[in-house]
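S.K.: Data: protein31.cif, mmCIF, C-alpha atoms.
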```cif
data_protein
#
loop_
_atom_site.label_atom_id
_atom_site.label_comp_id
_atom_site.auth_asym_id
_atom_site.auth_seq_id
_atom_site.Cartn_x
_atom_site.Cartn_y
_atom_site.Cartn_z
CA MET A 23 -34.82 -146.46 113.27
CA THR A 24 -31.81 -144.55 114.59
CA THR A 25 -32.74 -141.10 113.25
CA ALA A 26 -35.70 -139.14 114.61
CA VAL A 27 -35.28 -135.97 112.51
CA GLU A 28 -33.51 -135.33 109.23
CA PHE A 29 -33.10 -132.05 107.39
CA ARG A 30 -31.78 -132.63 103.89
CA GLU A 31 -30.81 -129.55 101.85
CA PHE A 32 -33.80 -127.75 103.38
CA THR A 33 -34.24 -124.35 101.73
CA LYS A 34 -36.94 -121.74 102.22
CA ARG A 35 -37.23 -118.52 100.22
CA TYR A 36 -39.74 -115.73 100.61
CA GLY A 37 -39.70 -113.88 97.32
CA GLY A 38 -36.17 -112.65 96.93
CA VAL A 39 -35.23 -113.34 100.55
CA THR A 40 -33.65 -116.66 101.51
CA ALA A 41 -34.45 -117.56 105.13
CA VAL A 42 -32.63 -120.91 105.09
CA SER A 43 -30.39 -122.42 102.41
CA GLY A 44 -29.33 -126.05 102.13
CA LEU A 45 -29.81 -126.86 105.81
CA SER A 46 -28.74 -130.44 106.54
CA PHE A 47 -28.45 -132.26 109.86
CA GLU A 48 -29.83 -135.25 111.75
CA VAL A 49 -31.22 -135.77 115.24
CA PRO A 50 -30.43 -139.28 116.51
CA VAL A 51 -33.06 -141.13 118.53
CA GLY A 52 -32.61 -140.75 122.28
CA ARG A 53 -30.49 -137.59 122.09
CA ILE A 54 -31.08 -133.97 123.05
CA VAL A 55 -30.03 -131.65 120.24
CA GLY A 56 -29.77 -127.90 120.60
CA LEU A 57 -30.47 -125.71 117.56
CA VAL A 58 -28.73 -122.36 117.92
CA GLY A 59 -28.00 -119.33 115.79
CA PRO A 60 -28.36 -115.53 115.72
CA ASN A 61 -31.72 -113.84 115.36
CA GLY A 62 -32.88 -114.31 111.80
CA ALA A 63 -30.69 -117.37 111.29
CA GLY A 64 -33.68 -119.52 110.33
CA LYS A 65 -34.32 -121.52 113.51
CA SER A 66 -38.07 -120.92 113.70
CA THR A 67 -38.42 -121.31 109.93
CA SER A 68 -36.69 -124.69 110.14
CA LEU A 69 -38.86 -125.94 113.01
CA ARG A 70 -42.03 -124.79 111.28
CA GLY A 71 -40.95 -126.59 108.15
CA LEU A 72 -40.30 -129.75 110.13
CA LEU A 73 -43.83 -129.61 111.58
CA GLY A 74 -45.49 -129.02 108.23
CA LEU A 75 -46.46 -125.43 108.99
CA LEU A 76 -44.66 -124.22 105.89
CA ARG A 77 -43.50 -125.87 102.71
CA PRO A 78 -39.82 -125.68 101.79
CA THR A 79 -38.80 -124.16 98.50
CA SER A 80 -36.58 -127.20 98.04
CA GLY A 81 -35.16 -130.02 100.12
CA SER A 82 -36.97 -131.78 102.93
CA ALA A 83 -37.41 -132.10 106.68
CA THR A 84 -38.69 -135.43 107.98
CA VAL A 85 -39.58 -137.07 111.28
CA PHE A 86 -39.04 -140.80 111.65
CA GLY A 87 -38.46 -141.00 107.90
CA GLN A 88 -41.71 -139.28 106.91
CA LEU A 89 -43.07 -135.83 106.36
CA TYR A 90 -44.94 -134.70 109.47
CA GLY A 91 -48.24 -134.57 107.57
CA GLN A 92 -47.86 -138.22 106.58
CA LEU A 93 -47.58 -139.52 110.15
CA ASP A 94 -50.41 -141.57 111.58
CA ALA A 95 -51.58 -140.01 114.89
CA PRO A 96 -48.80 -137.35 114.75
CA ALA A 97 -49.41 -136.10 118.33
CA ARG A 98 -48.42 -139.55 119.58
CA ARG A 99 -45.14 -139.40 117.70
CA VAL A 100 -44.19 -135.70 117.93
CA GLY A 101 -44.99 -133.17 120.65
CA ALA A 102 -44.27 -129.55 119.82
CA HIS A 103 -44.46 -126.09 121.29
CA LEU A 104 -43.27 -123.12 119.26
CA ASP A 105 -42.29 -119.74 120.67
CA GLY A 106 -44.97 -117.13 120.08
CA VAL A 107 -47.82 -119.60 119.77
CA GLY A 108 -50.51 -118.26 122.09
CA PHE A 109 -53.28 -119.82 124.15
CA GLU A 110 -56.94 -118.90 124.47
CA PRO A 111 -56.81 -116.62 127.55
CA GLY A 112 -60.41 -117.22 128.63
CA ILE A 113 -60.14 -120.95 129.28
CA THR A 114 -58.39 -122.76 132.09
CA GLY A 115 -55.15 -124.65 131.72
CA ARG A 116 -57.03 -127.88 132.34
CA ARG A 117 -59.60 -127.12 129.65
CA HIS A 118 -56.87 -126.29 127.16
CA LEU A 119 -55.26 -129.66 127.78
CA GLU A 120 -58.58 -131.49 127.63
CA ILE A 121 -59.12 -130.06 124.14
CA CYS A 122 -55.60 -131.13 123.16
CA ALA A 123 -56.18 -134.63 124.56
CA THR A 124 -59.35 -134.99 122.49
CA ALA A 125 -57.55 -133.80 119.35
CA ALA A 126 -54.70 -136.24 120.00
CA GLY A 127 -57.06 -139.13 120.63
CA VAL A 128 -55.78 -139.85 124.15
CA PRO A 129 -57.83 -140.39 127.34
CA ARG A 130 -58.61 -137.30 129.41
CA ARG A 131 -56.86 -138.88 132.39
CA ARG A 132 -53.65 -138.01 130.54
CA VAL A 133 -54.37 -134.35 131.42
CA ASP A 134 -53.77 -134.98 135.13
CA VAL A 135 -50.52 -136.78 134.36
CA VAL A 136 -49.02 -133.95 132.33
CA LEU A 137 -50.22 -131.26 134.77
CA GLU A 138 -48.27 -133.06 137.49
CA GLN A 139 -45.27 -133.52 135.21
CA VAL A 140 -44.93 -129.80 134.51
CA GLY A 141 -45.87 -128.57 137.98
CA LEU A 142 -49.19 -126.94 137.06
CA ALA A 143 -51.61 -129.16 138.97
CA GLY A 144 -52.27 -126.41 141.51
CA ALA A 145 -53.03 -123.86 138.78
CA ALA A 146 -55.02 -126.14 136.47
CA ARG A 147 -58.34 -124.36 137.06
CA ARG A 148 -56.90 -120.87 136.67
CA ARG A 149 -57.62 -119.07 133.40
CA VAL A 150 -54.63 -119.07 131.07
CA GLY A 151 -54.85 -115.29 130.72
CA ARG A 152 -53.75 -115.05 134.35
CA TYR A 153 -50.73 -117.30 133.90
CA SER A 154 -47.24 -115.83 134.13
CA THR A 155 -44.86 -116.24 131.17
CA GLY A 156 -43.14 -119.11 132.94
CA MET A 157 -46.46 -120.85 133.61
CA LYS A 158 -47.38 -120.51 129.94
CA GLN A 159 -44.09 -122.16 129.04
CA ARG A 160 -44.95 -125.06 131.34
CA LEU A 161 -48.39 -125.27 129.75
CA GLY A 162 -46.75 -125.36 126.33
CA LEU A 163 -44.60 -128.28 127.44
CA ALA A 164 -47.67 -130.02 128.85
CA THR A 165 -49.36 -129.53 125.48
CA ALA A 166 -46.38 -131.14 123.75
CA LEU A 167 -46.45 -134.08 126.16
CA ILE A 168 -50.17 -134.81 125.97
CA GLY A 169 -49.84 -137.58 123.38
CA GLU A 170 -46.89 -139.31 125.11
CA PRO A 171 -44.71 -138.56 122.07
CA GLU A 172 -41.38 -140.08 121.12
CA LEU A 173 -39.98 -136.70 120.02
CA LEU A 174 -40.27 -133.23 121.51
CA VAL A 175 -39.74 -130.15 119.32
CA LEU A 176 -39.43 -127.06 121.50
CA ASP A 177 -38.76 -123.47 120.47
CA GLU A 178 -37.11 -121.42 123.23
CA PRO A 179 -38.67 -123.51 126.05
CA ALA A 180 -36.73 -121.72 128.82
CA ASN A 181 -37.96 -118.22 127.93
CA GLY A 182 -39.68 -116.68 130.94
CA LEU A 183 -38.58 -119.38 133.38
CA ASP A 184 -36.85 -118.33 136.60
CA PRO A 185 -33.59 -120.07 137.62
CA GLU A 186 -35.51 -122.77 139.49
CA GLY A 187 -37.72 -123.34 136.46
CA ILE A 188 -34.73 -123.55 134.13
CA ARG A 189 -33.11 -126.13 136.37
CA TRP A 190 -36.37 -128.08 136.50
CA LEU A 191 -36.64 -128.03 132.70
CA ARG A 192 -33.08 -129.30 132.31
CA THR A 193 -33.73 -132.16 134.73
CA PHE A 194 -37.00 -133.02 133.01
CA LEU A 195 -35.49 -133.14 129.53
CA ARG A 196 -32.56 -135.26 130.67
CA SER A 197 -34.99 -137.70 132.30
CA TYR A 198 -37.15 -137.78 129.16
CA SER A 199 -34.06 -138.60 127.09
CA ARG A 200 -32.89 -141.32 129.50
CA ASP A 201 -36.29 -142.95 129.09
CA GLY A 202 -35.76 -143.13 125.33
CA GLY A 203 -37.27 -139.82 124.19
CA THR A 204 -35.65 -137.49 121.69
CA VAL A 205 -35.54 -133.69 121.94
CA LEU A 206 -34.85 -130.98 119.38
CA LEU A 207 -34.90 -127.54 120.98
CA SER A 208 -33.87 -124.07 119.93
CA SER A 209 -32.46 -121.68 122.51
CA HIS A 210 -30.40 -118.53 122.95
CA GLN A 211 -29.32 -119.59 126.45
CA LEU A 212 -25.96 -121.11 125.58
CA ALA A 213 -24.72 -121.65 129.14
CA GLU A 214 -27.86 -123.62 129.95
CA LEU A 215 -27.68 -125.60 126.72
CA ALA A 216 -24.17 -126.69 127.63
CA GLN A 217 -25.64 -128.43 130.68
CA THR A 218 -28.53 -130.00 128.80
CA VAL A 219 -27.77 -131.11 125.24
CA ASP A 220 -25.82 -134.01 123.78
CA GLU A 221 -25.42 -132.46 120.36
CA VAL A 222 -25.42 -128.97 118.85
CA VAL A 223 -26.48 -127.62 115.47
CA VAL A 224 -25.33 -124.07 114.73
CA ILE A 225 -27.06 -122.37 111.83
CA LYS A 226 -26.73 -119.00 110.16
CA GLY A 227 -29.05 -119.37 107.22
CA ARG A 228 -27.31 -122.69 106.59
CA THR A 229 -25.57 -125.38 108.63
CA VAL A 230 -22.42 -124.01 110.25
CA PHE A 231 -21.82 -126.89 112.64
CA ALA A 232 -23.57 -130.17 113.42
CA GLY A 233 -22.11 -132.63 115.87
CA SER A 234 -21.64 -133.57 119.49
CA LEU A 235 -21.21 -131.03 122.26
CA ASP A 236 -17.92 -132.73 123.18
CA GLU A 237 -16.65 -132.32 119.64
CA LEU A 238 -17.55 -128.65 119.55
CA THR A 239 -16.03 -127.85 122.94
CA ASP A 240 -13.07 -130.24 122.64
CA GLY A 241 -14.35 -132.36 125.48
CA GLY A 242 -15.19 -129.38 127.66
CA ALA A 243 -11.84 -127.63 127.23
CA HIS A 244 -13.66 -124.64 125.72
CA ASP A 245 -16.97 -122.95 126.46
CA LEU A 246 -19.91 -123.55 124.17
CA GLU A 247 -20.45 -119.79 124.09
CA ASP A 248 -16.89 -119.12 122.87
CA ARG A 249 -17.11 -121.79 120.18
CA TYR A 250 -20.51 -120.53 119.08
CA PHE A 251 -19.30 -116.96 118.56
CA GLU A 252 -16.23 -118.19 116.70
CA LEU A 253 -18.44 -120.11 114.30
CA VAL A 254 -21.08 -117.47 113.64
CA SER A 255 -18.48 -114.71 113.23
CA THR A 256 -16.30 -116.64 110.79
CA GLY A 257 -19.08 -118.59 109.09
CA GLY A 258 -16.94 -121.71 109.33
CA GLU A 259 -18.63 -124.99 108.48
CA ARG A 260 -18.06 -128.22 110.39
CA VAL A 261 -20.56 -131.00 109.87
CA ARG A 262 -20.17 -134.46 111.38
CA ASP A 263 -19.79 -137.21 108.81
CA ALA A 264 -22.98 -139.20 108.25
#
```
As a first step, turn the structure in this file into structure tokens.
M.R.:
Amino acid sequence: MTTAVEFREFTKRYGGVTAVSGLSFEVPVGRIVGLVGPNGAGKSTSLRGLLGLLRPTSGSATVFGQLYGQLDAPARRVGAHLDGVGFEPGITGRRHLEICATAAGVPRRRVDVVLEQVGLAGAARRRVGRYSTGMKQRLGLATALIGEPELLVLDEPANGLDPEGIRWLRTFLRSYSRDGGTVLLSSHQLAELAQTVDEVVVIKGRTVFAGSLDELTDGGAHDLEDRYFELVSTGGERVRDA
């Protein structure tokens, strides 16, 4: 399979309000794809729909050709962390991951692996309520990684990270992709995305652009930020041919 994620005419309405309309794009296997758009553009709605947390009004969002809820052992295929999803403050980071490992059906030794991966081994026995925002972001990534998934779905993963943490995240995601993993992430940090992603999807209630970073920036001749603001201000639509 060459496609990890596919949105096909995905539409979500809440009463008379349309959050997303006719959203269509693909995430190829082994690529890092950045999902960007203004506040209220439908990014979180789209990711929640992909993960089966809400049902679209029409259209579909699939992972590896199936609805998320139809996957066998989904935590081993898809690892996710959504912005705003909290943790139980009274338990330790290690305990949180042990619970996640049990739910995912993976050995508890996997907990030590992911704690090392995200740089939280030294804080594993600290209660999550005492974690900084950046540490909680690392714990969220560890949670997503617990099942050794093929695909990561991350909502604003750099929020709360200091410059060193942002650089670490970029390096980690590039390494994950080189090893065959696929990443779909939303972010407002356009300058950082330009150093991380292979492809970009710009949405504003619908697909405004979907294609490679090189295509959007004319091979680096223009800034991602400049191109982004041109697209969201004009509402122009450029979607790569399937």
S.K.: Can you tell me how far atom CA of A:Thr79 sits from atom CA of A:Phe32, in Å to one decimal?
M.R.: 7.9 Å
S.K.: Kindly indicate which residue among A:Arg116, A:Arg249, A:Lys158, A:Arg147 lies nearest to A:Arg131, using only C-alpha atoms for the distances.
M.R.: A:Arg116
S.K.: Do a neighbour search on stretch 83-95 of chain A at 6 Å with only C-alpha atoms, toss out local chain neighbours closer than 2 positions, and write the hits as a ChimeraX atom specification.
M.R.: /A:26-29,72-74,97-98
S.K.: Expand the PyMOL selection byres ((chain A and resi 216) around 10) into the individual residues it matches in the shown file, reporting them as an mmCIF file with C-alpha atoms, in the frame of the given file.
M.R.:
```cif
data_model
loop_
_atom_site.group_PDB
_atom_site.id
_atom_site.type_symbol
_atom_site.label_atom_id
_atom_site.label_comp_id
_atom_site.auth_asym_id
_atom_site.auth_seq_id
_atom_site.Cartn_x
_atom_site.Cartn_y
_atom_site.Cartn_z
ATOM 1 C CA GLY A 56 -29.770 -127.900 120.600
ATOM 2 C CA GLN A 211 -29.320 -119.590 126.450
ATOM 3 C CA LEU A 212 -25.960 -121.110 125.580
ATOM 4 C CA ALA A 213 -24.720 -121.650 129.140
ATOM 5 C CA GLU A 214 -27.860 -123.620 129.950
ATOM 6 C CA LEU A 215 -27.680 -125.600 126.720
ATOM 7 C CA GLN A 217 -25.640 -128.430 130.680
ATOM 8 C CA THR A 218 -28.530 -130.000 128.800
ATOM 9 C CA VAL A 219 -27.770 -131.110 125.240
ATOM 10 C CA ASP A 220 -25.820 -134.010 123.780
ATOM 11 C CA GLU A 221 -25.420 -132.460 120.360
ATOM 12 C CA VAL A 222 -25.420 -128.970 118.850
ATOM 13 C CA LEU A 235 -21.210 -131.030 122.260
ATOM 14 C CA ASP A 236 -17.920 -132.730 123.180
ATOM 15 C CA THR A 239 -16.030 -127.850 122.940
ATOM 16 C CA GLY A 242 -15.190 -129.380 127.660
ATOM 17 C CA ASP A 245 -16.970 -122.950 126.460
ATOM 18 C CA LEU A 246 -19.910 -123.550 124.170
ATOM 19 C CA GLU A 247 -20.450 -119.790 124.090
#
```
S.K.: List, as a list in words, every residue that the PyMOL selection byres ((chain A and resi 101) around 10) selects in the file provided.
M.R.: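 Applying the PyMOL selection byres ((chain A and resi 101) around 10) to the structure shown produces Leu73, Pro96, Ala97, Arg98, Arg99, Val100, Ala102, His103, Gly162, Leu163, Ala164, Thr165, Ala166, Leu167, Ile168, Gly169, Glu170, Pro171, Glu172, Leu173, Leu174, Val175, Leu176 and Val205 of chain A.
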S.K.: Go ahead and compute the interatomic distance for atom CA of A:Ser46 and atom CA of A:Gly203, in Å to one decimal.
M.R.: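 Taking atom CA of A:Ser46 and atom CA of A:Gly203, their separation equals 21.7 Å.
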S.K.: Suppose you want the space between atom CA of A:Arg30 and atom CA of A:Leu45; what is it in Å?
M.R.: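 One can read the atom CA of A:Arg30 to atom CA of A:Leu45 distance as 6.4 Å.
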S.K.: Could you tell me which residues the PyMOL selection byres ((chain A and resi 224) around 6) grabs in this file, written as a PyMOL selection string?
M.R.: chain A and resi 58-59+223+225+230-231
S.K.: Looking at A:Ala125, A:Ala63, A:Leu238, A:Met157, which one is nearest to A:Phe109, with distances taken over all atoms listed in the file?
M.R.: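 Smallest distance to A:Phe109 is found for A:Met157.
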S.K.: Fewer than 6 positions away in the same chain doesn't count, so skip those; otherwise give me all residues within 10 Å of A:Arg35, counting only C-alpha atoms, as an MDAnalysis selection string.
M.R.: chainID A and resid 41:43 77:80
S.K.: When you look at A:Thr24 with a cut-off of 10 Å (counting all atoms listed in the file), what residues show up, excluding the ones that are within fewer than 5 positions of it in the same chain? I need them as a short mmCIF file (atom, residue, chain, number, x, y, z; two decimals) with C-alpha atoms, in the frame of the given file.
M.R.:
```cif
data_model
loop_
_atom_site.label_atom_id
_atom_site.label_comp_id
_atom_site.auth_asym_id
_atom_site.auth_seq_id
_atom_site.Cartn_x
_atom_site.Cartn_y
_atom_site.Cartn_z
CA GLU A 48 -29.83 -135.25 111.75
CA VAL A 49 -31.22 -135.77 115.24
CA PRO A 50 -30.43 -139.28 116.51
CA VAL A 51 -33.06 -141.13 118.53
CA GLY A 52 -32.61 -140.75 122.28
CA PHE A 86 -39.04 -140.80 111.65
#
```
S.K.: Name all residues at most 12 Å from stretch 132-142 of chain A (count all atoms listed in the file; drop same-chain ones fewer than 4 positions away) and give them as number ranges by chain.
M.R.: A: 114-124, 126-128, 146-148, 150, 153-154, 156-170, 186-188, 190-191, 193-195, 197-198
S.K.: For the residues in that selection, give me C-alpha atoms as a CSV table (one decimal), in the frame of the given file.
M.R.:
```csv
chain,number,residue,atom,x,y,z
A,114,THR,CA,-58.4,-122.8,132.1
A,115,GLY,CA,-55.2,-124.6,131.7
A,116,ARG,CA,-57.0,-127.9,132.3
A,117,ARG,CA,-59.6,-127.1,129.6
A,118,HIS,CA,-56.9,-126.3,127.2
A,119,LEU,CA,-55.3,-129.7,127.8
A,120,GLU,CA,-58.6,-131.5,127.6
A,121,ILE,CA,-59.1,-130.1,124.1
A,122,CYS,CA,-55.6,-131.1,123.2
A,123,ALA,CA,-56.2,-134.6,124.6
A,124,THR,CA,-59.4,-135.0,122.5
A,126,ALA,CA,-54.7,-136.2,120.0
A,127,GLY,CA,-57.1,-139.1,120.6
A,128,VAL,CA,-55.8,-139.8,124.2
A,146,ALA,CA,-55.0,-126.1,136.5
A,147,ARG,CA,-58.3,-124.4,137.1
A,148,ARG,CA,-56.9,-120.9,136.7
A,150,VAL,CA,-54.6,-119.1,131.1
A,153,TYR,CA,-50.7,-117.3,133.9
A,154,SER,CA,-47.2,-115.8,134.1
A,156,GLY,CA,-43.1,-119.1,132.9
A,157,MET,CA,-46.5,-120.8,133.6
A,158,LYS,CA,-47.4,-120.5,129.9
A,159,GLN,CA,-44.1,-122.2,129.0
A,160,ARG,CA,-45.0,-125.1,131.3
A,161,LEU,CA,-48.4,-125.3,129.8
A,162,GLY,CA,-46.8,-125.4,126.3
A,163,LEU,CA,-44.6,-128.3,127.4
A,164,ALA,CA,-47.7,-130.0,128.8
A,165,THR,CA,-49.4,-129.5,125.5
A,166,ALA,CA,-46.4,-131.1,123.8
A,167,LEU,CA,-46.4,-134.1,126.2
A,168,ILE,CA,-50.2,-134.8,126.0
A,169,GLY,CA,-49.8,-137.6,123.4
A,170,GLU,CA,-46.9,-139.3,125.1
A,186,GLU,CA,-35.5,-122.8,139.5
A,187,GLY,CA,-37.7,-123.3,136.5
A,188,ILE,CA,-34.7,-123.6,134.1
A,190,TRP,CA,-36.4,-128.1,136.5
A,191,LEU,CA,-36.6,-128.0,132.7
A,193,THR,CA,-33.7,-132.2,134.7
A,194,PHE,CA,-37.0,-133.0,133.0
A,195,LEU,CA,-35.5,-133.1,129.5
A,197,SER,CA,-35.0,-137.7,132.3
A,198,TYR,CA,-37.2,-137.8,129.2
```
